[in-house]
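Beneath this line is the structure, given in structure tokens, with notes to follow.
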Amino acid sequence: MTEYIKFEDIISKNGDSNSKSVPEVNNKETAKTDSTKMKLQCCRCRPDWFVVDGLGITCSGLTYILILFGEFVVIGVILLPFFPGSPWSYIHAILFSCCGILAGCSHLRAMTTNPGTIPKGNFTDENVKHLGLKSGDVVVRCTRCECIKTERAHHCSTCQRCIRKMDHHCPWINNCVGEFNQKYFVLFTFYIMTLSAYSMALAIHYVLRCSDNDWKGCTIFSPPTTIIFIVFLLFEGLLFGLFTMIMFCTQLNSVIHDETGIEHLKKEARVKQGNWKERLKDTFGGDFGITWFSPFSSLPHHRKKHEFYDV
């Protein structure tokens with residue numbers, strides 16, 4: 001729930017009462033929080049961020065299982081029989097493994113990076129005064145986590161926090177896609193899409209090659225078992241390849257047009273900042289380079305320093 005409060009109402013209420021927060025917070029944990037710890041900036045990415053959600057944990061675990069299954073079929077079923085005499089088998093194995101590692105690391109960063117949560121209980125008189133508001137200005141308060149709700153922030157019922165520039169909550173990464181982990185989510189969809197296309201190309205070439213030789217010298221398993229593995233790999237590659245391709249294109253469109261998924265659904269009108277090149281640099285970190293494709297690189301600390309009141 002969102003509540004709009006006029007600044008002059010806060011000031012007048014503050015004059016009549018010495019309460020520390022407006023309105024008074026009923027949550028005991030929030031009420032005991034020292035206001036000095038509630039800094040006027042959103043939480044940065046922390047390695048200990050993890051959302052405890054059964055569905056999200058299940059989907060995340062399934063993601064790693066599917067990546068490992070693809071690695072097993074491609075390397076252990078398709079490429080392994082040709083290792084002794086085919087240098088291309090080694091090259092494909094290395095490239096496919098690298099893509100799998102990058103996909104897994106991108107998923108891990110997207111899952112464990114704080115998407116941009118606003119501190120709970122920071123809606124206090126002291127913090128409101130620091131906003132430098134004038135008479136007639138409106139402060140937006142989230143009634144669920146008692147925080148000053150910034151522009152483009154939305155409350156996630158799964159994460160139980162207000163998320164800056166929230167696009168959507170994705171159970172596949174067990175996290176919200178927000179301001180500080182969107183890059184890793186885009187990379188995750190990109191590498192899964194690449195893995196899917198790569199595995200299907202290798203599987204189709206393998207089937208065509210081995211069917212001409214009646215599967216002689218093509219597999220370490222029996223032909224029926226091998227065919228079952230290939231069918232499952234093609235199904236997985238087609239299903240998740242299409243899904244991640246759609247998500248990848250959707251996220252790129254979101255970055256380029258500076259419009260989140262929630263804003264698109266609600267058709268919220270707002271003034272957009274910068275051009276599409278600046279938005280890409282802001283999301284992926286600096287000028288175009290190899291760091292754009294690396295899940296190991298972090299975003300610059302100076303990225304988009306917003307205040308709590310930005311409307």
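Simple scheme: letters A, B, ... for chains in structure tokens order, numbers from 1 for residues in each chain, numbers from 1 for ligands in the order shown.
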Distance query Glu236 of chain A at most 9 Å, only C-alpha atoms, self and fewer than 5 positions along chain excluded, as a PyMOL selection string: chain A and resi 66+70+196+231+241
Picked from segment 68-308 of chain A by DSSP as helix (DSSP H, G or I), as a ChimeraX atom specification: /A:68-82,87-112,125-129,182-212,223-257,261-266,276-284,290-293
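For segment 103-306 of chain A, the set of residues given strand (DSSP E) by DSSP on the backbone reads A:Val138, A:Val139, A:Val140, A:Arg141, A:Cys142, A:Cys147, A:Ile148, A:His154, A:His155, A:Cys156, A:Arg161, A:Cys162, A:Ile163, A:His168, A:His169, A:Cys170, A:Asn175, A:Cys176, A:Val177.
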Distance query Cys105 of chain A at most 12 Å, only C-alpha atoms, self and fewer than 5 positions along chain excluded, as a PyMOL selection string: chain A and resi 63-64+67+98-100+110-113+173+184-185+187-189+191-192+293-297
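Distance-wise, atom CA of Ser135 of chain A and atom CA of His155 of chain A end up 26.9 Å apart.
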Exercise: Glu259 of chain A partners within 12 Å, only C-alpha atoms, chain neighbours under 2 positions left out, as a ChimeraX atom specification: /A:152,165-168,178-179,250-257,261-273,276,279
Take the residues just selected and output them with N, CA and C atoms as a short mmCIF file (atom, residue, chain, number, x, y, z; two decimals), in the first residue's frame.
```
data_model
loop_
_atom_site.label_atom_id
_atom_site.label_comp_id
_atom_site.auth_asym_id
_atom_site.auth_seq_id
_atom_site.Cartn_x
_atom_site.Cartn_y
_atom_site.Cartn_z
N ARG A 152 9.69 5.36 -9.09
CA ARG A 152 9.94 4.11 -9.79
C ARG A 152 10.15 2.93 -8.86
N LYS A 165 13.47 0.94 -8.97
CA LYS A 165 13.41 0.64 -10.40
C LYS A 165 13.08 -0.84 -10.62
N MET A 166 12.06 -1.30 -9.91
CA MET A 166 11.69 -2.72 -9.98
C MET A 166 11.05 -3.03 -11.33
N ASP A 167 11.58 -4.07 -11.98
CA ASP A 167 11.03 -4.52 -13.26
C ASP A 167 10.00 -5.64 -13.03
N HIS A 168 10.42 -6.67 -12.32
CA HIS A 168 9.51 -7.76 -11.95
C HIS A 168 10.24 -8.68 -10.98
N GLY A 178 15.95 -5.47 -10.39
CA GLY A 178 15.89 -4.06 -10.03
C GLY A 178 17.09 -3.29 -10.53
N GLU A 179 17.32 -2.16 -9.91
CA GLU A 179 18.33 -1.22 -10.39
C GLU A 179 19.74 -1.77 -10.36
N THR A 250 13.23 -8.42 -24.18
CA THR A 250 12.38 -7.56 -23.36
C THR A 250 13.21 -6.69 -22.44
N GLN A 251 14.24 -7.28 -21.83
CA GLN A 251 15.09 -6.51 -20.92
C GLN A 251 15.92 -5.46 -21.66
N LEU A 252 16.43 -5.81 -22.83
CA LEU A 252 17.17 -4.81 -23.62
C LEU A 252 16.26 -3.66 -24.01
N ASN A 253 15.05 -3.99 -24.39
CA ASN A 253 14.08 -2.94 -24.74
C ASN A 253 13.77 -2.06 -23.53
N SER A 254 13.70 -2.69 -22.34
CA SER A 254 13.46 -1.95 -21.11
C SER A 254 14.59 -0.97 -20.81
N VAL A 255 15.83 -1.43 -21.02
CA VAL A 255 16.99 -0.58 -20.75
C VAL A 255 17.06 0.57 -21.77
N ILE A 256 16.89 0.24 -23.04
CA ILE A 256 17.03 1.25 -24.10
C ILE A 256 15.96 2.32 -23.98
N HIS A 257 14.73 1.93 -23.67
CA HIS A 257 13.63 2.88 -23.59
C HIS A 257 13.39 3.39 -22.16
N GLY A 261 9.12 -3.16 -16.63
CA GLY A 261 7.95 -3.96 -16.97
C GLY A 261 6.69 -3.48 -16.27
N ILE A 262 6.82 -3.08 -15.00
CA ILE A 262 5.67 -2.57 -14.26
C ILE A 262 5.17 -1.26 -14.87
N GLU A 263 6.09 -0.39 -15.22
CA GLU A 263 5.71 0.90 -15.83
C GLU A 263 5.02 0.69 -17.17
N HIS A 264 5.47 -0.32 -17.91
CA HIS A 264 4.84 -0.61 -19.21
C HIS A 264 3.42 -1.13 -19.02
N LEU A 265 3.22 -2.01 -18.04
CA LEU A 265 1.88 -2.57 -17.80
C LEU A 265 0.92 -1.50 -17.28
N LYS A 266 1.44 -0.63 -16.41
CA LYS A 266 0.59 0.42 -15.84
C LYS A 266 0.49 1.65 -16.73
N LYS A 267 1.30 1.65 -17.81
CA LYS A 267 1.33 2.78 -18.73
C LYS A 267 1.60 4.10 -17.99
N GLU A 268 2.62 4.04 -17.12
CA GLU A 268 2.98 5.22 -16.35
C GLU A 268 3.81 6.17 -17.21
N ALA A 269 3.38 7.41 -17.26
CA ALA A 269 4.08 8.44 -18.03
C ALA A 269 5.11 9.13 -17.14
N ARG A 270 6.32 9.29 -17.64
CA ARG A 270 7.38 9.94 -16.88
C ARG A 270 8.41 10.52 -17.85
N VAL A 271 9.17 11.47 -17.35
CA VAL A 271 10.23 12.08 -18.16
C VAL A 271 11.44 11.16 -18.15
N LYS A 272 11.90 10.73 -19.30
CA LYS A 272 13.03 9.80 -19.39
C LYS A 272 14.34 10.56 -19.40
N GLN A 273 15.36 9.94 -18.78
CA GLN A 273 16.66 10.57 -18.63
C GLN A 273 17.65 10.04 -19.67
N TRP A 276 19.64 6.48 -25.37
CA TRP A 276 19.74 5.03 -25.21
C TRP A 276 21.17 4.57 -24.97
N ARG A 279 21.91 5.08 -21.28
CA ARG A 279 21.18 4.10 -20.47
C ARG A 279 21.89 2.75 -20.48
#
```
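Using only C-alpha atoms, the nearest neighbour of Trp215 of chain A within the list A:Ser106, A:Lys281, A:Pro81, A:Lys120 is A:Pro81.
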Who sits within 9 Å of Phe190 of chain A, only C-alpha atoms, same chain under 5 positions skipped, as a PyMOL selection string: chain A and resi 103+185+195+244-245+247-248
Output for the residues just chosen: all heavy atoms as a PDB file, in the first residue's frame:
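Heads up, here's the output in again.pdb:
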```pdb
ATOM      1  N   ALA A 103      26.987 -18.549 -17.510  1.00  0.00           N
ATOM      2  CA  ALA A 103      25.548 -18.562 -17.227  1.00  0.00           C
ATOM      3  C   ALA A 103      25.292 -18.799 -15.744  1.00  0.00           C
ATOM      4  O   ALA A 103      24.459 -18.122 -15.127  1.00  0.00           O
ATOM      5  CB  ALA A 103      24.848 -19.633 -18.066  1.00  0.00           C
ATOM      6  N   PHE A 185      20.954 -10.157 -14.648  1.00  0.00           N
ATOM      7  CA  PHE A 185      19.808 -10.881 -15.187  1.00  0.00           C
ATOM      8  C   PHE A 185      19.847 -10.902 -16.713  1.00  0.00           C
ATOM      9  O   PHE A 185      19.555 -11.938 -17.330  1.00  0.00           O
ATOM     10  CB  PHE A 185      18.504 -10.236 -14.707  1.00  0.00           C
ATOM     11  CG  PHE A 185      17.273 -10.950 -15.189  1.00  0.00           C
ATOM     12  CD1 PHE A 185      16.905 -12.174 -14.669  1.00  0.00           C
ATOM     13  CD2 PHE A 185      16.487 -10.393 -16.195  1.00  0.00           C
ATOM     14  CE1 PHE A 185      15.770 -12.829 -15.124  1.00  0.00           C
ATOM     15  CE2 PHE A 185      15.348 -11.043 -16.647  1.00  0.00           C
ATOM     16  CZ  PHE A 185      14.997 -12.265 -16.111  1.00  0.00           C
ATOM     17  N   LEU A 195      23.684 -20.887 -24.833  1.00  0.00           N
ATOM     18  CA  LEU A 195      23.855 -22.315 -24.550  1.00  0.00           C
ATOM     19  C   LEU A 195      22.801 -23.150 -25.265  1.00  0.00           C
ATOM     20  O   LEU A 195      23.104 -24.221 -25.812  1.00  0.00           O
ATOM     21  CB  LEU A 195      23.755 -22.564 -23.046  1.00  0.00           C
ATOM     22  CG  LEU A 195      25.000 -22.347 -22.187  1.00  0.00           C
ATOM     23  CD1 LEU A 195      24.654 -22.542 -20.721  1.00  0.00           C
ATOM     24  CD2 LEU A 195      26.115 -23.301 -22.591  1.00  0.00           C
ATOM     25  N   THR A 244      14.280 -17.550 -22.869  1.00  0.00           N
ATOM     26  CA  THR A 244      15.329 -16.583 -22.531  1.00  0.00           C
ATOM     27  C   THR A 244      15.549 -15.572 -23.656  1.00  0.00           C
ATOM     28  O   THR A 244      15.943 -14.431 -23.385  1.00  0.00           O
ATOM     29  CB  THR A 244      16.650 -17.307 -22.212  1.00  0.00           C
ATOM     30  OG1 THR A 244      16.989 -18.204 -23.291  1.00  0.00           O
ATOM     31  CG2 THR A 244      16.538 -18.090 -20.921  1.00  0.00           C
ATOM     32  N   MET A 245      15.312 -15.957 -24.890  1.00  0.00           N
ATOM     33  CA  MET A 245      15.428 -15.004 -25.984  1.00  0.00           C
ATOM     34  C   MET A 245      14.391 -13.899 -25.840  1.00  0.00           C
ATOM     35  O   MET A 245      14.702 -12.707 -26.026  1.00  0.00           O
ATOM     36  CB  MET A 245      15.262 -15.704 -27.338  1.00  0.00           C
ATOM     37  CG  MET A 245      15.389 -14.763 -28.541  1.00  0.00           C
ATOM     38  SD  MET A 245      15.157 -15.591 -30.127  1.00  0.00           S
ATOM     39  CE  MET A 245      13.416 -16.019 -30.020  1.00  0.00           C
ATOM     40  N   MET A 247      12.933 -12.989 -22.991  1.00  0.00           N
ATOM     41  CA  MET A 247      13.292 -12.199 -21.817  1.00  0.00           C
ATOM     42  C   MET A 247      14.478 -11.285 -22.105  1.00  0.00           C
ATOM     43  O   MET A 247      14.510 -10.131 -21.653  1.00  0.00           O
ATOM     44  CB  MET A 247      13.622 -13.122 -20.639  1.00  0.00           C
ATOM     45  CG  MET A 247      12.434 -13.873 -20.085  1.00  0.00           C
ATOM     46  SD  MET A 247      11.093 -12.780 -19.544  1.00  0.00           S
ATOM     47  CE  MET A 247      11.915 -11.803 -18.305  1.00  0.00           C
ATOM     48  N   PHE A 248      15.446 -11.769 -22.860  1.00  0.00           N
ATOM     49  CA  PHE A 248      16.620 -10.961 -23.204  1.00  0.00           C
ATOM     50  C   PHE A 248      16.208  -9.746 -24.033  1.00  0.00           C
ATOM     51  O   PHE A 248      16.636  -8.619 -23.745  1.00  0.00           O
ATOM     52  CB  PHE A 248      17.623 -11.822 -23.980  1.00  0.00           C
ATOM     53  CG  PHE A 248      18.818 -11.057 -24.489  1.00  0.00           C
ATOM     54  CD1 PHE A 248      19.813 -10.630 -23.621  1.00  0.00           C
ATOM     55  CD2 PHE A 248      18.942 -10.772 -25.838  1.00  0.00           C
ATOM     56  CE1 PHE A 248      20.923  -9.924 -24.098  1.00  0.00           C
ATOM     57  CE2 PHE A 248      20.035 -10.063 -26.322  1.00  0.00           C
ATOM     58  CZ  PHE A 248      21.021  -9.640 -25.453  1.00  0.00           C
TER      59      PHE A 248
END
```
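For the set A:Gln160, A:Ala153, A:Ser97, A:Val77, the residue with the smallest atom-to-atom gap to Ile228 of chain A is A:Val77, counting only C-alpha atoms.
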